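Q: Pasting work-v1.cif below, which is mmCIF, C-alpha atoms.
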data_run
#
loop_
_atom_site.label_atom_id
_atom_site.label_comp_id
_atom_site.auth_asym_id
_atom_site.auth_seq_id
_atom_site.Cartn_x
_atom_site.Cartn_y
_atom_site.Cartn_z
CA MET B 1 34.39 -9.92 -0.33
CA ASP B 2 32.02 -12.71 -1.21
CA ALA B 3 32.86 -14.22 -4.61
CA PHE B 4 29.23 -14.18 -5.65
CA ILE B 5 28.89 -10.46 -5.06
CA GLN B 6 32.08 -9.89 -7.04
CA ASP B 7 30.52 -11.80 -9.93
CA LEU B 8 27.38 -9.71 -9.65
CA ILE B 9 29.50 -6.57 -9.89
CA ALA B 10 31.46 -7.97 -12.83
CA TYR B 11 28.24 -8.76 -14.70
CA TRP B 12 26.56 -5.54 -13.61
CA PRO B 13 26.21 -3.91 -17.09
CA GLN B 14 24.57 -7.07 -18.46
CA ILE B 15 22.23 -7.43 -15.48
CA LEU B 16 21.24 -3.79 -15.77
CA ALA B 17 20.52 -4.24 -19.49
CA GLY B 18 18.37 -7.26 -18.60
CA LEU B 19 16.49 -5.29 -15.97
CA LYS B 20 15.85 -2.57 -18.53
CA ASN B 21 14.47 -5.14 -21.00
CA THR B 22 12.22 -6.59 -18.30
CA VAL B 23 10.82 -3.21 -17.31
CA VAL B 24 10.39 -2.09 -20.95
CA LEU B 25 8.46 -5.25 -21.81
CA MET B 26 6.32 -4.93 -18.71
CA VAL B 27 5.46 -1.28 -19.35
CA ILE B 28 4.70 -1.84 -23.03
CA MET B 29 2.44 -4.82 -22.44
CA SER B 30 0.65 -3.12 -19.58
CA VAL B 31 -0.19 -0.19 -21.86
CA THR B 32 -1.06 -2.21 -24.97
CA GLY B 33 -2.91 -4.75 -22.82
CA LEU B 34 -5.01 -2.01 -21.28
CA MET B 35 -5.83 -0.51 -24.68
CA GLY B 36 -6.60 -3.95 -26.09
CA GLY B 37 -8.71 -4.78 -23.04
CA VAL B 38 -10.80 -1.62 -23.46
CA GLY B 39 -11.20 -2.41 -27.17
CA VAL B 40 -12.32 -5.99 -26.53
CA PHE B 41 -14.63 -4.84 -23.74
CA TYR B 42 -16.19 -2.28 -26.11
CA LEU B 43 -16.82 -5.01 -28.66
CA THR B 44 -18.41 -7.32 -26.05
CA LEU B 45 -21.11 -4.63 -25.70
CA SER B 46 -21.72 -4.62 -29.47
CA SER B 47 -25.27 -4.83 -30.77
CA HIS B 48 -24.24 -7.60 -33.16
CA LYS B 49 -24.59 -11.04 -31.69
CA ALA B 50 -21.78 -12.50 -33.83
CA VAL B 51 -19.28 -9.87 -32.60
CA ARG B 52 -20.20 -10.54 -28.97
CA ARG B 53 -19.79 -14.25 -29.52
CA TRP B 54 -16.37 -13.83 -31.11
CA MET B 55 -15.19 -11.65 -28.26
CA ASP B 56 -16.41 -14.12 -25.65
CA GLY B 57 -14.55 -16.83 -27.55
CA PHE B 58 -11.42 -14.66 -27.70
CA ILE B 59 -11.52 -13.99 -23.94
CA SER B 60 -12.14 -17.57 -22.92
CA PHE B 61 -9.49 -18.94 -25.34
CA PHE B 62 -6.75 -16.68 -24.01
CA ILE B 63 -7.77 -17.25 -20.41
CA GLY B 64 -7.95 -20.99 -20.96
CA THR B 65 -4.60 -21.58 -22.66
CA PRO B 66 -1.08 -21.00 -21.32
CA LEU B 67 0.77 -17.87 -22.41
CA ILE B 68 3.88 -19.87 -23.25
CA VAL B 69 1.95 -21.79 -25.92
CA HIS B 70 1.08 -18.55 -27.72
CA LEU B 71 4.70 -17.42 -27.51
CA PHE B 72 6.01 -20.75 -28.83
CA LEU B 73 3.38 -20.81 -31.58
CA MET B 74 4.58 -17.46 -32.88
CA TYR B 75 8.29 -17.85 -32.19
CA TYR B 76 8.81 -21.45 -33.33
CA GLY B 77 5.69 -21.96 -35.48
CA LEU B 78 5.40 -18.89 -37.70
CA PRO B 79 8.86 -19.27 -39.37
CA GLU B 80 7.26 -22.27 -41.11
CA LEU B 81 5.17 -19.76 -43.07
CA GLY B 82 8.22 -17.62 -43.70
CA ILE B 83 7.29 -15.12 -40.98
CA ARG B 84 10.25 -14.56 -38.70
CA LEU B 85 9.58 -12.27 -35.74
CA SER B 86 12.07 -11.17 -33.09
CA ALA B 87 11.66 -12.47 -29.54
CA PHE B 88 10.68 -8.96 -28.45
CA THR B 89 7.94 -8.65 -31.10
CA VAL B 90 6.58 -12.09 -30.26
CA ALA B 91 6.55 -11.26 -26.58
CA VAL B 92 4.74 -7.96 -27.11
CA ILE B 93 2.08 -9.50 -29.40
CA GLY B 94 1.56 -12.60 -27.25
CA PHE B 95 1.39 -10.71 -23.96
CA THR B 96 -0.88 -8.05 -25.43
CA LEU B 97 -3.45 -10.63 -26.58
CA ASN B 98 -3.27 -12.44 -23.26
CA VAL B 99 -3.45 -9.36 -21.05
CA SER B 100 -6.23 -7.84 -23.20
CA ALA B 101 -8.39 -10.90 -22.57
CA TYR B 102 -7.91 -10.64 -18.81
CA ASN B 103 -8.44 -6.88 -18.67
CA ALA B 104 -11.58 -7.16 -20.81
CA ARG B 105 -12.96 -9.67 -18.34
CA TYR B 106 -12.22 -7.39 -15.36
CA LEU B 107 -13.93 -4.48 -17.10
CA ALA B 108 -16.92 -6.69 -17.95
CA THR B 109 -17.21 -7.73 -14.30
CA ALA B 110 -17.23 -4.09 -13.22
CA TYR B 111 -19.78 -3.32 -15.95
CA ASN B 112 -22.11 -5.98 -14.57
CA GLY B 113 -22.08 -4.12 -11.26
CA LEU B 114 -23.15 -0.82 -12.86
CA ASP B 115 -26.54 0.70 -12.28
CA LYS B 116 -28.17 -0.07 -15.64
CA THR B 117 -30.87 2.59 -15.21
CA GLU B 118 -28.12 5.20 -15.64
CA LEU B 119 -27.44 3.82 -19.09
CA GLU B 120 -31.13 3.89 -19.96
CA ALA B 121 -31.35 7.47 -18.73
CA ALA B 122 -28.38 8.42 -20.90
CA ARG B 123 -29.91 6.75 -23.95
CA SER B 124 -33.23 8.50 -23.44
CA GLN B 125 -31.38 11.82 -23.12
CA GLY B 126 -30.16 11.27 -26.64
CA PHE B 127 -26.63 10.03 -25.95
CA THR B 128 -25.38 7.78 -28.74
CA ARG B 129 -24.01 4.32 -27.93
CA ARG B 130 -20.48 5.56 -28.24
CA GLU B 131 -21.13 8.58 -26.02
CA THR B 132 -22.74 6.38 -23.39
CA PHE B 133 -19.67 4.16 -23.48
CA ARG B 134 -17.20 7.03 -23.28
CA LEU B 135 -19.01 9.32 -20.82
CA ILE B 136 -21.08 6.99 -18.61
CA ILE B 137 -19.63 3.50 -18.71
CA MET B 138 -15.87 4.05 -18.93
CA PRO B 139 -15.35 6.56 -16.09
CA GLN B 140 -17.12 4.25 -13.64
CA VAL B 141 -15.87 0.93 -14.93
CA MET B 142 -12.23 2.09 -15.01
CA ARG B 143 -12.43 3.36 -11.42
CA MET B 144 -13.99 0.15 -10.15
CA SER B 145 -11.42 -1.95 -12.01
CA VAL B 146 -8.32 -0.23 -10.66
CA PRO B 147 -7.53 -2.97 -8.11
CA SER B 148 -7.85 -5.77 -10.69
CA LEU B 149 -6.00 -3.78 -13.34
CA THR B 150 -3.07 -3.08 -11.02
CA ASN B 151 -3.04 -6.74 -9.98
CA GLN B 152 -2.75 -7.51 -13.67
CA ALA B 153 0.22 -5.12 -13.94
CA ILE B 154 1.90 -7.07 -11.13
CA GLN B 155 1.12 -10.30 -12.94
CA ASN B 156 2.62 -8.76 -16.10
CA LEU B 157 5.91 -8.06 -14.38
CA LYS B 158 6.10 -11.64 -13.12
CA ASP B 159 5.15 -13.03 -16.52
CA THR B 160 7.99 -11.22 -18.30
CA SER B 161 10.23 -13.96 -16.88
CA VAL B 162 8.52 -16.37 -19.31
CA ALA B 163 9.97 -14.43 -22.24
CA PHE B 164 13.43 -15.80 -21.52
CA LEU B 165 12.12 -19.18 -22.74
CA ILE B 166 11.93 -17.65 -26.25
CA GLN B 167 15.47 -16.21 -26.03
CA TYR B 168 14.46 -12.71 -24.89
CA HIS B 169 17.34 -11.23 -22.90
CA ASP B 170 15.38 -10.19 -19.84
CA PHE B 171 16.62 -9.86 -16.27
CA PHE B 172 16.03 -13.52 -15.46
CA ALA B 173 17.98 -14.64 -18.55
CA GLN B 174 20.95 -12.54 -17.39
CA MET B 175 20.83 -14.03 -13.91
CA GLN B 176 20.87 -17.48 -15.54
CA GLU B 177 23.99 -16.40 -17.38
CA VAL B 178 25.65 -15.33 -14.12
CA ALA B 179 24.65 -18.62 -12.48
CA SER B 180 25.99 -20.73 -15.33
CA THR B 181 29.43 -19.12 -15.11
CA ASN B 182 29.97 -19.49 -11.35
CA PHE B 183 27.56 -22.38 -10.64
CA GLN B 184 26.03 -20.47 -7.72
CA PHE B 185 22.52 -21.33 -8.87
CA PHE B 186 20.88 -20.99 -5.48
CA LYS B 187 22.29 -17.53 -4.78
CA ALA B 188 21.60 -16.31 -8.31
CA TYR B 189 17.96 -17.39 -8.35
CA VAL B 190 17.23 -16.18 -4.83
CA THR B 191 18.76 -12.82 -5.78
CA ALA B 192 16.53 -12.79 -8.86
CA GLY B 193 13.49 -13.53 -6.68
CA ALA B 194 14.42 -10.70 -4.30
CA VAL B 195 14.72 -8.24 -7.19
CA TYR B 196 11.26 -9.19 -8.50
CA LEU B 197 9.93 -8.73 -4.97
CA ALA B 198 11.45 -5.25 -4.80
CA LEU B 199 10.08 -4.25 -8.24
CA ILE B 200 6.61 -5.48 -7.31
CA SER B 201 6.70 -3.54 -4.05
CA ILE B 202 7.21 -0.39 -6.12
CA ILE B 203 4.15 -1.20 -8.25
CA VAL B 204 2.07 -1.96 -5.15
CA LEU B 205 2.98 1.39 -3.59
CA ALA B 206 2.23 3.25 -6.83
CA ALA B 207 -1.09 1.41 -7.15
CA ARG B 208 -2.15 2.45 -3.64
CA ARG B 209 -1.45 6.11 -4.45
CA LEU B 210 -3.38 5.84 -7.70
CA GLU B 211 -6.37 4.27 -5.96
CA LYS B 212 -6.45 7.11 -3.44
CA ARG B 213 -6.13 9.77 -6.12
CA ILE B 214 -8.91 8.63 -8.38
CA ALA B 215 -11.36 7.61 -5.66
CA LEU B 216 -14.64 9.52 -5.82
CA PRO B 217 -16.44 10.09 -2.53
CA GLY B 218 -19.68 8.14 -2.50
CA LEU B 219 -18.79 5.86 -5.41
CA ALA B 220 -17.99 2.52 -3.84
CA THR B 221 -15.29 0.45 -5.51
CA MET H 1 1.53 -36.87 -40.47
CA THR H 2 -1.97 -35.42 -40.12
CA PHE H 3 -3.18 -32.97 -37.53
CA GLY H 4 -5.07 -35.82 -35.88
CA ASN H 5 -1.85 -37.81 -35.48
CA ILE H 6 -0.16 -34.85 -33.83
CA LEU H 7 -3.05 -34.50 -31.40
CA ILE H 8 -2.86 -38.21 -30.49
CA ILE H 9 0.90 -38.11 -29.88
CA LEU H 10 0.58 -34.99 -27.71
CA ALA H 11 -2.37 -36.46 -25.82
CA GLU H 12 0.09 -38.97 -24.34
CA GLY H 13 1.75 -36.08 -22.53
CA ALA H 14 -1.65 -34.84 -21.38
CA GLY H 15 -1.67 -37.55 -18.70
CA TYR H 16 1.35 -35.93 -17.03
CA THR H 17 -0.16 -32.48 -17.42
CA VAL H 18 -3.32 -33.57 -15.65
CA LEU H 19 -1.30 -35.43 -13.00
CA VAL H 20 0.90 -32.39 -12.26
CA THR H 21 -2.20 -30.16 -12.18
CA LEU H 22 -4.12 -32.40 -9.78
CA ALA H 23 -1.13 -32.92 -7.48
CA SER H 24 -0.43 -29.16 -7.45
CA ILE H 25 -4.08 -28.34 -6.77
CA SER H 26 -4.07 -30.78 -3.83
CA ALA H 27 -0.88 -29.26 -2.46
CA GLY H 28 -2.28 -25.76 -2.97
CA LEU H 29 -5.51 -26.66 -1.19
CA ALA H 30 -3.57 -28.14 1.73
CA VAL H 31 -1.38 -25.02 2.02
CA GLY H 32 -4.24 -22.58 1.50
CA LEU H 33 -6.52 -24.31 3.98
CA SER H 34 -3.79 -24.52 6.64
CA LEU H 35 -2.99 -20.84 6.22
CA ALA H 36 -6.67 -19.91 6.39
CA VAL H 37 -7.14 -21.94 9.57
CA LEU H 38 -4.00 -20.38 11.07
CA SER H 39 -5.36 -16.92 10.31
CA THR H 40 -8.38 -17.59 12.54
CA LEU H 41 -6.07 -17.87 15.55
CA ARG H 42 -5.38 -14.12 15.46
CA TRP H 43 -1.93 -14.47 17.04
CA LYS H 44 0.39 -11.62 16.20
CA ALA H 45 3.34 -13.78 15.16
CA VAL H 46 1.07 -15.91 12.99
CA SER H 47 -0.49 -12.93 11.23
CA LEU H 48 2.96 -11.55 10.52
CA PHE H 49 4.05 -14.90 9.10
CA LEU H 50 0.93 -15.10 6.94
CA ALA H 51 1.41 -11.57 5.63
CA VAL H 52 5.03 -12.27 4.71
CA TYR H 53 4.16 -15.64 3.17
CA THR H 54 1.42 -14.27 0.92
CA TYR H 55 3.53 -11.29 -0.08
CA VAL H 56 6.58 -13.36 -1.00
CA PHE H 57 4.80 -16.14 -2.85
CA ARG H 58 2.54 -13.78 -4.73
CA SER H 59 5.51 -11.68 -5.83
CA ILE H 60 8.06 -14.23 -7.00
CA PRO H 61 7.45 -15.43 -10.58
CA VAL H 62 6.55 -19.12 -10.76
CA LEU H 63 9.44 -19.84 -13.12
CA VAL H 64 11.95 -18.24 -10.73
CA LEU H 65 10.62 -20.22 -7.77
CA LEU H 66 10.76 -23.45 -9.78
CA PHE H 67 14.39 -22.74 -10.67
CA ILE H 68 15.25 -21.96 -7.04
CA LEU H 69 13.79 -25.29 -5.93
CA PHE H 70 15.05 -27.50 -8.74
CA PHE H 71 18.38 -25.97 -9.79
CA GLY H 72 19.15 -23.93 -6.67
CA LEU H 73 18.48 -26.22 -3.73
CA PRO H 74 21.06 -28.88 -4.77
CA GLY H 75 23.66 -26.13 -4.24
CA ILE H 76 22.88 -26.17 -0.52
CA GLY H 77 22.64 -29.95 -0.41
CA ILE H 78 18.91 -30.52 -0.94
CA ARG H 79 18.03 -32.54 -4.01
CA ILE H 80 14.40 -33.00 -5.03
CA SER H 81 12.87 -34.69 -8.07
CA PRO H 82 11.45 -32.66 -10.99
CA PHE H 83 7.92 -33.73 -10.12
CA VAL H 84 8.23 -32.76 -6.45
CA SER H 85 9.82 -29.40 -7.26
CA MET H 86 7.06 -28.59 -9.78
CA VAL H 87 4.27 -29.59 -7.40
CA ALA H 88 5.92 -27.79 -4.48
CA THR H 89 6.32 -24.60 -6.55
CA LEU H 90 2.71 -24.53 -7.68
CA GLY H 91 1.48 -25.66 -4.26
CA LEU H 92 3.31 -22.84 -2.47
CA VAL H 93 2.17 -20.20 -4.95
CA SER H 94 -1.45 -21.27 -5.37
CA GLY H 95 -1.64 -21.86 -1.60
CA ALA H 96 -0.93 -18.16 -1.08
CA TYR H 97 -3.77 -17.17 -3.42
CA LEU H 98 -6.19 -19.81 -2.13
CA ALA H 99 -5.59 -18.70 1.47
CA GLU H 100 -6.87 -15.26 0.45
CA VAL H 101 -9.90 -16.81 -1.25
CA PHE H 102 -10.71 -18.90 1.82
CA ARG H 103 -10.20 -16.01 4.22
CA GLY H 104 -12.61 -13.90 2.22
CA ALA H 105 -15.17 -16.69 2.23
CA MET H 106 -14.75 -17.29 5.96
CA ALA H 107 -15.35 -13.63 6.67
CA ALA H 108 -18.65 -13.95 4.82
CA VAL H 109 -19.95 -16.65 7.18
CA ASP H 110 -22.67 -15.19 9.40
CA GLY H 111 -21.21 -14.47 12.85
CA ASP H 112 -24.53 -15.19 14.54
CA GLU H 113 -24.35 -18.80 13.39
CA ILE H 114 -20.99 -19.18 15.09
CA LEU H 115 -22.36 -17.57 18.23
CA ALA H 116 -25.32 -19.96 18.14
CA ALA H 117 -22.98 -22.93 17.71
CA GLU H 118 -20.90 -21.78 20.69
CA ALA H 119 -24.07 -21.42 22.76
CA ALA H 120 -25.10 -24.93 21.72
CA GLY H 121 -21.82 -26.21 23.18
CA LEU H 122 -19.78 -26.96 20.03
CA ASN H 123 -16.05 -26.61 20.50
CA ARG H 124 -13.67 -24.68 18.21
CA TRP H 125 -12.95 -27.60 15.90
CA GLU H 126 -16.57 -28.65 15.61
CA ILE H 127 -17.52 -25.10 14.74
CA PHE H 128 -14.85 -25.00 12.06
CA PHE H 129 -15.72 -28.38 10.53
CA TYR H 130 -19.50 -28.28 10.76
CA ILE H 131 -20.36 -24.57 10.52
CA ILE H 132 -17.58 -22.65 8.79
CA MET H 133 -15.97 -25.09 6.36
CA PRO H 134 -19.10 -26.29 4.53
CA GLN H 135 -20.12 -22.70 3.80
CA MET H 136 -16.60 -21.50 3.09
CA PHE H 137 -16.00 -24.12 0.38
CA ARG H 138 -19.27 -23.33 -1.34
CA MET H 139 -18.56 -19.62 -1.37
CA SER H 140 -14.98 -20.13 -2.59
CA VAL H 141 -15.94 -21.92 -5.81
CA PRO H 142 -15.38 -18.99 -8.24
CA GLY H 143 -12.03 -18.12 -6.65
CA MET H 144 -10.94 -21.76 -6.59
CA ILE H 145 -11.77 -22.26 -10.27
CA ASN H 146 -9.72 -19.15 -11.11
CA GLU H 147 -6.75 -20.44 -9.17
CA PHE H 148 -6.98 -23.99 -10.55
CA THR H 149 -7.00 -22.51 -14.06
CA SER H 150 -3.79 -20.62 -13.28
CA VAL H 151 -2.21 -23.82 -11.98
CA LEU H 152 -3.12 -25.65 -15.20
CA LYS H 153 -1.61 -22.84 -17.25
CA TYR H 154 1.63 -22.90 -15.29
CA THR H 155 2.17 -26.64 -15.83
CA PRO H 156 3.97 -26.18 -19.19
CA PHE H 157 6.90 -24.85 -17.14
CA ALA H 158 7.38 -28.48 -16.10
CA TYR H 159 9.20 -29.06 -19.40
CA THR H 160 12.09 -26.90 -18.15
CA VAL H 161 12.82 -29.48 -15.44
CA GLY H 162 12.23 -32.44 -17.78
CA ILE H 163 8.76 -33.73 -16.96
CA PRO H 164 7.35 -35.38 -20.14
CA GLU H 165 4.08 -33.41 -20.24
CA ILE H 166 2.37 -31.89 -23.29
CA MET H 167 4.89 -29.08 -23.83
CA LYS H 168 7.92 -31.35 -23.65
CA GLU H 169 6.34 -33.83 -26.08
CA ALA H 170 5.51 -30.94 -28.38
CA MET H 171 9.07 -29.62 -28.34
CA SER H 172 10.65 -32.96 -29.19
CA LEU H 173 8.04 -33.54 -31.90
CA ALA H 174 8.68 -30.07 -33.33
CA ALA H 175 12.44 -30.68 -33.35
CA LEU H 176 11.86 -33.97 -35.19
CA THR H 177 9.29 -32.89 -37.78
CA LEU H 178 9.92 -29.12 -38.03
CA ARG H 179 6.17 -28.53 -38.09
CA GLY H 180 5.98 -26.18 -35.14
CA LEU H 181 2.91 -24.32 -36.35
CA GLU H 182 0.55 -27.31 -36.36
CA ILE H 183 2.13 -28.79 -33.25
CA TYR H 184 1.83 -25.70 -31.05
CA LEU H 185 -1.65 -25.07 -32.40
CA ALA H 186 -2.54 -28.61 -31.29
CA VAL H 187 -0.99 -27.87 -27.88
CA GLY H 188 -3.23 -24.82 -27.54
CA ILE H 189 -6.31 -26.84 -28.45
CA LEU H 190 -5.39 -29.61 -25.98
CA TYR H 191 -4.92 -27.16 -23.12
CA PHE H 192 -8.19 -25.47 -23.96
CA LEU H 193 -9.98 -28.84 -23.89
CA ILE H 194 -8.43 -29.74 -20.53
CA TYR H 195 -9.38 -26.28 -19.22
CA LYS H 196 -12.99 -26.69 -20.38
CA LEU H 197 -13.20 -30.17 -18.82
CA PHE H 198 -11.82 -28.88 -15.52
CA VAL H 199 -14.29 -26.01 -15.40
CA MET H 200 -17.18 -28.31 -16.32
CA PHE H 201 -16.16 -30.80 -13.63
CA PHE H 202 -16.05 -28.14 -10.92
CA MET H 203 -19.31 -26.61 -12.07
CA THR H 204 -21.05 -30.00 -11.76
CA LEU H 205 -19.45 -30.49 -8.37
CA GLU H 206 -20.68 -27.07 -7.29
CA LYS H 207 -24.19 -27.83 -8.52
CA ARG H 208 -24.22 -31.19 -6.78
CA PHE H 209 -23.39 -29.61 -3.42
CA ARG H 210 -25.35 -26.39 -3.85
CA VAL H 211 -27.68 -25.54 -0.98
CA PRO H 212 -30.84 -23.74 -2.11
CA GLY H 213 -31.00 -20.32 -0.52
CA LEU H 214 -27.29 -20.12 0.26
CA ALA H 215 -25.75 -17.78 -2.28
CA SER H 216 -22.69 -19.27 -3.91
CA LYS H 217 -21.02 -15.93 -4.56
#
Could you take the file, read its structure, and then write that structure out as structure tokens?

A:
Amino acid sequence: MDAFIQDLIAYWPQILAGLKNTVVLMVIMSVTGLMGGVGVFYLTLSSHKAVRRWMDGFISFFIGTPLIVHLFLMYYGLPELGIRLSAFTVAVIGFTLNVSAYNARYLATAYNGLDKTELEAARSQGFTRRETFRLIIMPQVMRMSVPSLTNQAIQNLKDTSVAFLIQYHDFFAQMQEVASTNFQFFKAYVTAGAVYLALISIIVLAARRLEKRIALPGLAT
Amino acid sequence: MTFGNILIILAEGAGYTVLVTLASISAGLAVGLSLAVLSTLRWKAVSLFLAVYTYVFRSIPVLVLLFILFFGLPGIGIRISPFVSMVATLGLVSGAYLAEVFRGAMAAVDGDEILAAEAAGLNRWEIFFYIIMPQMFRMSVPGMINEFTSVLKYTPFAYTVGIPEIMKEAMSLAALTLRGLEIYLAVGILYFLIYKLFVMFFMTLEKRFRVPGLASK
């Protein structure tokens, strides 16, 4: 049998643990990023000008700066203040902020496409701001954003590979380990690429099902 | 060492960051444009190739692709420089995204105009260069800015292959002075400035070439 495959089998428990870490990180940041995104989006609709400004600043800062800088800032910078966080914690916080900014922007784009007279009608019917948000805005905006939100989930999975740069033992880090013991860098990295491809295919298929399920006849997305 | 000093030292690496970004954007535009042109041929084999290309390069993480090219290829006898592997990685990936942007914009060009051009005796290439491309580029501006921003944000990966850009300078400075907090904060500010400059530059470019009456979105 090919020596490389034998190595893969020998390192199997480690690789599997890495895969688990990758998937866990991806799932957590997709969920927290979605919640954060909804929160930031809600605040961008605030009646206070200062709050809106801060949220716009938040979104454009996190979209305009590389993720890895935020991770390095927390992982290598914060210990200076005596705050020592684990690679996992840093990854979750950094990714959540980043993904929230993107998701908030997608939701805002969908919001801009809403029929604003509906909101006026709701207000004149006596709906409070919060009720309008929860009952009129969110159901439509979430539906319209499904393609961009699932694209973001795909992006999240790919971005987990960045976490290995702050010593998080994800799948890619384990494949590095395999490569550095047998020096089969090409095979190891191509295998890693193929695994990411397979994982993403699963998300794509799931996303298609979701889109079909939540589609409302007559409401264009 | 003041915060200003840190910014000045890191700004030296900014030259490489901008260079890598511009080279990668050019490569991405070349790839994306070629793929978009190929897609107009409507040959079965070509469409299959395009579908596989976009799927693969949109699915593999940038860092993994960079490692395949820089650390992997020497294993099968191909050795490329850090700069070339970085630019090739970002060119291949952003090319896949840009091809989609261009295809969308091309589909938005009014078919009657193309018909009129054919009737007026323009050949395929003339139609592409004089009718489709000028409109396609204008309509692609938002998508292009998005993609260029992603390219800029992927450039810090260049430190992993040893290109002395902002991130690499920051890491050696942090190892020397142990003041990671200020240094990485300065890195964030630098990237944000470069990002703002890029966006401003493209916005001015878009304004300069805007045609009144032709929607840019």

Q: Could you tell me which residues the PyMOL selection byres ((chain B) within 10 of (chain H)) grabs in this file, written as a ChimeraX atom specification?

A: /B:60-81,154-162,165,172,176,179,183-201

Q: Taking the file above as input, evaluate the PyMOL selection byres ((chain H and resi 80-92) around 6) and report the hits as a VMD selection string.

A: chain H and resid 24 27 to 28 66 69 to 70 79 93 to 95 161

Q: Contacts of Asn151 (chain B) at 10 Å or less, counting all atoms listed in the file, minus same-chain residues fewer than 5 places along, as a PyMOL selection string?

A: chain B and resi 145-146+156+203-204+207

Q: In terms of the shortest atom-to-atom distance over all atoms listed in the file, which of B:Met55, B:Leu205, B:Leu149, B:Val178 is closest to Asn103 (chain B)?

A: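 The answer is B:Leu149, which sits nearest to Asn103 (chain B).
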
Q: Could you work out how far CA of Ala96 (chain H) lies from CA of Ser26 (chain H), giving the answer in Å with one decimal?

A: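 Those two atoms sit 13.3 Å apart.
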
Q: What is the CA of Gly13 (chain H)-CA of Ile166 (chain H) distance in Å, reported with one decimal?

A: 4.3 Å

Q: Distance CA of Gly126 (chain B)-CA of Ser47 (chain B), one decimal place?

A: 17.3 Å

Q: Need the shell around Gly18 (chain B): protein/DNA/RNA residues with any atom at most 9 Å away, counting all atoms listed in the file. Skip same-chain ones fewer than 2 positions apart. Format as number ranges by chain?

A: B: 13-16, 20-23, 169-175

Q: What do you get, as a list in words, if you spell out every residue that the PyMOL selection byres ((chain H and resi 103-106) around 7) selects here?

A: Ala36, Ala99, Glu100, Val101, Phe102, Ala107, Ala108, Val109, Ile132, Met136, Met139 and Ser140 of chain H

Q: Calculated over only C-alpha atoms, which of the candidates B:Ser148, B:Thr32, B:Asn182, B:Thr128 has the smallest distance to Ile93 (chain B)?

A: B:Thr32

Q: I need the residue nearest Ser86 (chain B) from this list: B:Met35, B:Val99, B:Leu45, B:Ala163. Use all atoms listed in the file for the distance.

A: B:Ala163

Q: Counting only C-alpha atoms, figure out which residue out of H:Leu122, H:Gly111, H:Met133, H:Ser172 gets nearest to Tyr159 (chain H).

A: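 Among H:Leu122, H:Gly111, H:Met133, H:Ser172, it is H:Ser172 that comes nearest to Tyr159 (chain H).
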
Q: Can you pull out the residues contacting Asp115 (chain B)? Cut-off 12 Å, using all atoms listed in the file, and skip same-chain residues under 2 positions away; I want them as a PyMOL selection string.

A: chain B and resi 110-113+117-122+136-137+140-141+219

Q: Which one of H:Gly32, H:Gly143, H:Pro164, H:Gly4 sits closest to Val18 (chain H) if you count all atoms listed in the file?

A: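 Nearest candidate to Val18 (chain H) out of H:Gly32, H:Gly143, H:Pro164, H:Gly4: H:Pro164.
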